[in-house]
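Here the structure comes first, spelled out in structure tokens, and everything after it is commentary.
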Amino acid sequence: MPLRGKPTTEAEKIVFRHEAELPPMTRSMGTVLINKTGSWRYLRPVYEEKTPPCRDACPAGIDIQGFVDMLARGEPLEAWRLIRESSPLPGVCGRVCPHPCERSCNRGEFDEAISIHALERLAADRALNEGVGEEPRAPKEEERVAIIGSGPAGLSCAHFLGREGYGVTVFEALPRPGGMLRVGIPEYRLPRTVLDKEIADIEALGVSFQTGARIGDIGELADYDAIFVATGAHKSRSLNIPGEDAAGVIPGVEFLKNLNLGGKNQAGERVLVVGGGNTAIDAARSALRLGARTTIVYRRTREEMPAIEEEIEAALAEGVDILYLATPRMALVKDGRVAQVGLIKTELAEPDETGRRRPVEVAGSEFMIEADTVITALGEAPDLSFLPEHAGLSEEPREIDGTPVFGGGDAFTGAGTVVHAIASGRRGARAIISRLAGAGVAHEPPGPVVPFESVNTACFARQPAVRMPEVPVAERVSGFAEVNRGLPLTDGLEEAKRCFSCGVCNLCDNCLIFCPDIAVIRLNDSYEIDYDYCKGCGICAVECPGNVISLVEEER
Amino acid sequence: MKKVITGNHAVSYGAMLARAQVIAAYPITPQTTIVEHLADFTADGQLDARFINVESEHSAMAASVGASAAGARAFTASSSHGLALMHEMLHVAAGSRLPIVMANVNRALGTNWNLWADQTDSLSQRDTGWLQFYCESNQEALDTVIQAYRVSEQVLVPSMICLDAFFISHTAEIVDIPDKALVDSYLPECNLVYRLDPANPCTLYGVTSAEFYYEFRYKLHKAMEDAIRVAREADDEFREMFGRSYGLVEQYRMEDAELVLVTSGTAASTSRLVIDELRERGERVGMLRIRMFRPFPAEEIRNALRGAQRVAVMDRNMSPGQGGIMAQELRSALCNTPDRPPVYGFVVGLGGRDITTDVVHRVIEEALATDIPEDIIWMGVKV
């Protein structure tokens, strides 16, 4: 670069001889660009995007910061599209996911975590309400994949295979697709219009569903090039107490299935639910809506309850009683139906292998409770009887009669959450594509996670989170209408603006504004550092709100 | 338009009428209402300026330097400790030859903590290279802001307008607020030749070796000398256009005066009453009010004092170990003059203590009663 004002001849050189020739203050018309102060630098700032803790905590690895940013920019449909890169069920997860992302959100240490859960639902609901869905298309690959089970794992696997153009057939034993999403989760948490819409989006990818098609033997699917087994966990663990076989004692998943699929009311007047997980809460809140007086009995305390916190709160608010530190010993049967349950008090001893404190019975503390219905929710186990004996199930392919078989979801992992199943289905799809295409699928290793201490909180004003409004208790317990109302759009867009954007540049210009050497250059959708003049002072890294800029030592 | 306003608001009006373009300020009692009012003017659109809230007075002056270097008309105000914190930047502003105008409300420095009138704050900055004006009234405060821009922008030296805490800053009196168009015709747009301009890049205020540092200091002093002529012309033209003028020093009933009382700021108003009273009794006393302190109008003062037998200086300030600062300056201006009168250096009114007519009477009596003065005469100290 030519030096501006540099004299080219001796005559042009300015030589001051006395004060009258001087300007009033020192002034140079030469450029300072000749002084490449970048040579002073021993630390080099680099733009290095990192993993936001929300995304790190999401089992499905949803680009949460990304979709929240799109909401903040007023683009809910773009947010919906981005979520679907990682999960085909944003409307479902925006309602039933236990949202571990919010517990990891760095903003939680500043004021309140971003309402990510509510924002995911908002994006999905906008797509639903505006009639935006997947464009129909036909498979383009020759290979065909069979998926057994249409729960979240099966749906997720079908979605990611369908997007890549594979022909997919999903086999479902029940008359409608959706698995536990349809038969296990009550309608007041997940309206079926939402589920149907998201299944329709998967169908649009050329995925076909065969319902009422129970696979008795996996050999029936020998024509397919690969099989994904996602049959879930529907077999309830039993109580192992006398009287358990009497009428009125029902496994929780069966109670919910009969209610959700056939509208069958198996709740009597006085219902006792045994267990502390989400199935127990779902069964109890459903029984309450059917008009029963409902009590949950759990052998540990509220602290150890595995159910989603908000669900426990809602159950209590609606009038479900929870009896902690007690466990059933026997069911007293009268006229062939359970009439009373004998319980014994428990206390907590040292932690067991799950890390939770083990309940032990307190001798002599037996008591009776009236109940004409006992719903057991002690956990579910998979039923893999359609597989050859000792075949086992794994995310790694197993050859059965020459066909690679992959496992996923609860059938493989034991009972988990919807979002774990979605993640598992996506891994399954990736493994199947890798097998069928004969090539590995690139998998980016996640960058380091941004800790709260690295966020420049001086850039943010404290502002409480926006929460989803709920239907008042008195109104909601009389039916199965959805309890949570979604966020109004304007509230949601405001909520999205609270995001720290941890580890991801959102073009806030702080680096540009604060650089004392004017060494940060703004490009269209990123920045560049002019290392000829960057002295490595590190102000950009300190001022970056989301810890996107790292300082690395210069190599000499 | 005439309004009853405080001296601080008079200053705000001055800066507004001068069309200050950048105001960077930090609050301090008793200055705050100056910039508060300017913030109002800026907010309601009466003044088209950028108001910068800064985190300290040092930054206030640094921001003013930046604004002025970019060619904007910059204004700020401070007082006492705030001014002391600016000290480094005062040198920078003057050395950079930036025509910034600042109001300083004269307040005592701690410790011991004190909020009241005392000129030691601004007089401590006398060697920073700023023009200094000491005002007697609210009207003069307003008018001097406008005059100061005119002088500063011609000689490229910044100006400090000093006003007594509370006696001016918080006391309301009738002020004639000049017509905006008339001020515009008196004070042309700020058009600095040497400034930062992206279209014509340059580096200002770089390192200067001994080879030319000396010359730059010499030029600053020459600009100060030039300011005496320019300020006089500016004051004369102001009188023609607005009907008011103040001079660099003001002579009051000096004809045949044997004893001249030298004063500054609001003490001059009180002194005027005493002079009138003594003149009525036939005493040959007069008063010289120092309005411009930097540059020190030595020649004008020497001429004014020609014929005086005794000079009594009232200093509302004090340099510990030496005494009243104006008295020192006056002695230094007279010392090479043949037949110079003795200078009586009275220290009065420190930390806001009232300078009443009674105090002025005693000053004059003391000066008349003593033939050879002490270096410092403490008036009213409780010993």
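Every chain in the structure tokens has a letter given in the order shown (A, B, ...), and although residue numbers restart at 1 in each chain, ligands are simply numbered from 1 in the order shown.
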So that I can see what lies close to segment 522-539 of chain A, please list as a CSV table (one decimal) with N, CA and C atoms, in the first residue's frame the residues with an atom at most 8 Å from it, counting only C-alpha atoms and leaving out residues fewer than 3 positions away in the same chain.
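Produced file around_27.csv, reproduced below:
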```csv
chain,number,residue,atom,x,y,z
A,36,LYS,N,3.5,-1.4,11.8
A,36,LYS,CA,2.7,-2.6,11.9
A,36,LYS,C,2.8,-3.1,13.3
A,37,THR,N,1.9,-2.5,14.2
A,37,THR,CA,2.0,-2.8,15.6
A,37,THR,C,1.6,-4.3,15.9
A,38,GLY,N,1.1,-5.0,14.9
A,38,GLY,CA,0.9,-6.4,15.2
A,38,GLY,C,2.1,-7.2,15.6
A,39,SER,N,3.3,-6.6,15.4
A,39,SER,CA,4.5,-7.3,15.8
A,39,SER,C,4.6,-7.3,17.3
A,40,TRP,N,3.8,-6.5,18.0
A,40,TRP,CA,3.9,-6.4,19.5
A,40,TRP,C,3.2,-7.6,20.1
A,41,ARG,N,2.4,-8.3,19.3
A,41,ARG,CA,1.4,-9.2,19.9
A,41,ARG,C,2.0,-10.5,20.3
A,42,TYR,N,1.7,-10.9,21.5
A,42,TYR,CA,2.1,-12.3,21.9
A,42,TYR,C,0.9,-13.2,22.1
A,43,LEU,N,-0.3,-12.5,22.2
A,43,LEU,CA,-1.6,-13.3,22.2
A,43,LEU,C,-2.4,-13.0,21.0
A,44,ARG,N,-2.9,-14.0,20.4
A,44,ARG,CA,-3.7,-13.8,19.1
A,44,ARG,C,-5.1,-14.0,19.3
A,45,PRO,N,-6.0,-13.0,19.1
A,45,PRO,CA,-7.4,-13.3,19.2
A,45,PRO,C,-7.9,-14.1,18.0
A,46,VAL,N,-8.7,-15.1,18.2
A,46,VAL,CA,-9.3,-15.9,17.0
A,46,VAL,C,-10.7,-16.1,17.3
A,505,CYS,N,-21.3,-16.5,17.4
A,505,CYS,CA,-21.3,-15.1,17.0
A,505,CYS,C,-22.6,-14.7,16.5
A,507,LEU,N,-23.1,-11.5,15.5
A,507,LEU,CA,-22.8,-10.2,14.9
A,507,LEU,C,-23.2,-9.0,15.7
A,511,CYS,N,-16.9,-6.5,19.3
A,511,CYS,CA,-15.4,-6.6,19.0
A,511,CYS,C,-15.0,-5.4,18.1
A,512,LEU,N,-15.9,-5.1,17.1
A,512,LEU,CA,-15.6,-4.0,16.2
A,512,LEU,C,-15.6,-2.7,16.9
A,514,PHE,N,-15.1,-2.1,20.2
A,514,PHE,CA,-14.1,-1.9,21.3
A,514,PHE,C,-12.7,-2.0,20.8
A,515,CYS,N,-12.4,-2.6,19.6
A,515,CYS,CA,-11.0,-2.7,19.2
A,515,CYS,C,-10.3,-1.4,19.1
A,517,ASP,N,-7.4,-0.7,18.1
A,517,ASP,CA,-6.5,-0.6,16.9
A,517,ASP,C,-7.3,-0.6,15.6
A,519,ALA,N,-8.6,-2.9,14.3
A,519,ALA,CA,-8.1,-4.1,13.6
A,519,ALA,C,-9.1,-5.1,13.3
A,542,VAL,N,-12.5,-10.0,25.8
A,542,VAL,CA,-13.2,-9.7,27.0
A,542,VAL,C,-14.6,-9.2,26.7
A,543,GLU,N,-14.7,-8.3,25.7
A,543,GLU,CA,-15.9,-7.6,25.4
A,543,GLU,C,-16.9,-8.5,24.7
A,551,LEU,N,-8.2,-16.3,23.0
A,551,LEU,CA,-6.8,-15.8,22.8
A,551,LEU,C,-5.9,-17.0,22.9
```
Listing only residues of segment 203-295 of chain B within 9 Å of segment 93-105 of chain B, what is the closest atom pair and its distance in Å (to one decimal) for each, using only C-alpha atoms, sorted by chain and residue number ascending, as a Markdown table?
```
| residue | atom | partner | partner_atom | distance |
| --- | --- | --- | --- | --- |
| B:Leu204 | CA | B:Ser96 | CA | 8.1 |
| B:Tyr205 | CA | B:Ser96 | CA | 6.3 |
| B:Phe216 | CA | B:Gly95 | CA | 8.1 |
| B:Arg217 | CA | B:Gly95 | CA | 7.9 |
| B:Leu220 | CA | B:Gly95 | CA | 7.4 |
```
Within 7 Å of chain B, which residues belong to chain A? Use only C-alpha atoms and report them as an mmCIF file with N, CA and C atoms, in the first residue's frame.
```cif
data_model
loop_
_atom_site.group_PDB
_atom_site.id
_atom_site.type_symbol
_atom_site.label_atom_id
_atom_site.label_comp_id
_atom_site.auth_asym_id
_atom_site.auth_seq_id
_atom_site.Cartn_x
_atom_site.Cartn_y
_atom_site.Cartn_z
ATOM 1 N N GLU A 19 10.109 28.354 14.365
ATOM 2 C CA GLU A 19 8.756 28.116 14.880
ATOM 3 C C GLU A 19 7.648 28.606 13.946
ATOM 4 N N PRO A 24 0.485 24.643 14.717
ATOM 5 C CA PRO A 24 0.338 24.886 16.163
ATOM 6 C C PRO A 24 0.576 23.633 17.012
ATOM 7 N N MET A 25 0.396 22.467 16.417
ATOM 8 C CA MET A 25 0.616 21.236 17.173
ATOM 9 C C MET A 25 1.281 20.228 16.235
ATOM 10 N N THR A 26 1.857 19.183 16.816
ATOM 11 C CA THR A 26 2.522 18.203 15.951
ATOM 12 C C THR A 26 1.489 17.541 15.063
ATOM 13 N N ARG A 27 1.860 17.377 13.828
ATOM 14 C CA ARG A 27 0.924 16.795 12.870
ATOM 15 C C ARG A 27 1.735 16.088 11.802
ATOM 16 N N SER A 28 1.310 14.886 11.485
ATOM 17 C CA SER A 28 1.977 14.155 10.413
ATOM 18 C C SER A 28 0.961 13.784 9.367
ATOM 19 N N MET A 29 1.266 14.061 8.110
ATOM 20 C CA MET A 29 0.368 13.678 7.024
ATOM 21 C C MET A 29 0.743 12.303 6.487
ATOM 22 N N GLY A 30 1.801 11.725 7.016
ATOM 23 C CA GLY A 30 2.187 10.380 6.603
ATOM 24 C C GLY A 30 1.232 9.371 7.222
ATOM 25 N N THR A 31 1.175 8.202 6.661
ATOM 26 C CA THR A 31 0.261 7.195 7.179
ATOM 27 C C THR A 31 0.888 6.489 8.375
#
```
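Scanning segment 363-464 of chain A with DSSP on the backbone, the strand (DSSP E or B) assignments fall on A:Ala363, A:Gly364, A:Ser365, A:Glu366, A:Phe367, A:Met368, A:Ile369, A:Glu370, A:Thr373, A:Val374, A:Ile375, A:Thr376, A:Glu380, A:Ala381, A:Arg398, A:Glu399, A:Ile400, A:Thr403, A:Pro404, A:Val405, A:Phe406, A:Gly407, A:Val449.
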Please indicate the distance in Å from atom CA of His37 of chain B to atom CA of Ile146 of chain B, rounded to one decimal place.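 Atom CA of His37 of chain B sits 16.8 Å away from atom CA of Ile146 of chain B.
The space separating atom CA of Ala153 of chain A from atom CA of Ala421 of chain A comes to 4.5 Å.
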Atom CA of Tyr324 of chain A to atom CA of Arg302 of chain A, straight-line distance in Å: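 Answer for the atom CA of Arg302 of chain A to atom CA of Tyr324 of chain A separation: 7.2 Å.
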Need to verify the contact set: segment 388-390 of chain A, 9 Å, only C-alpha atoms, exclusion of same-chain residues closer than 4 positions in sequence. Can you return it as a count of residues only? 5
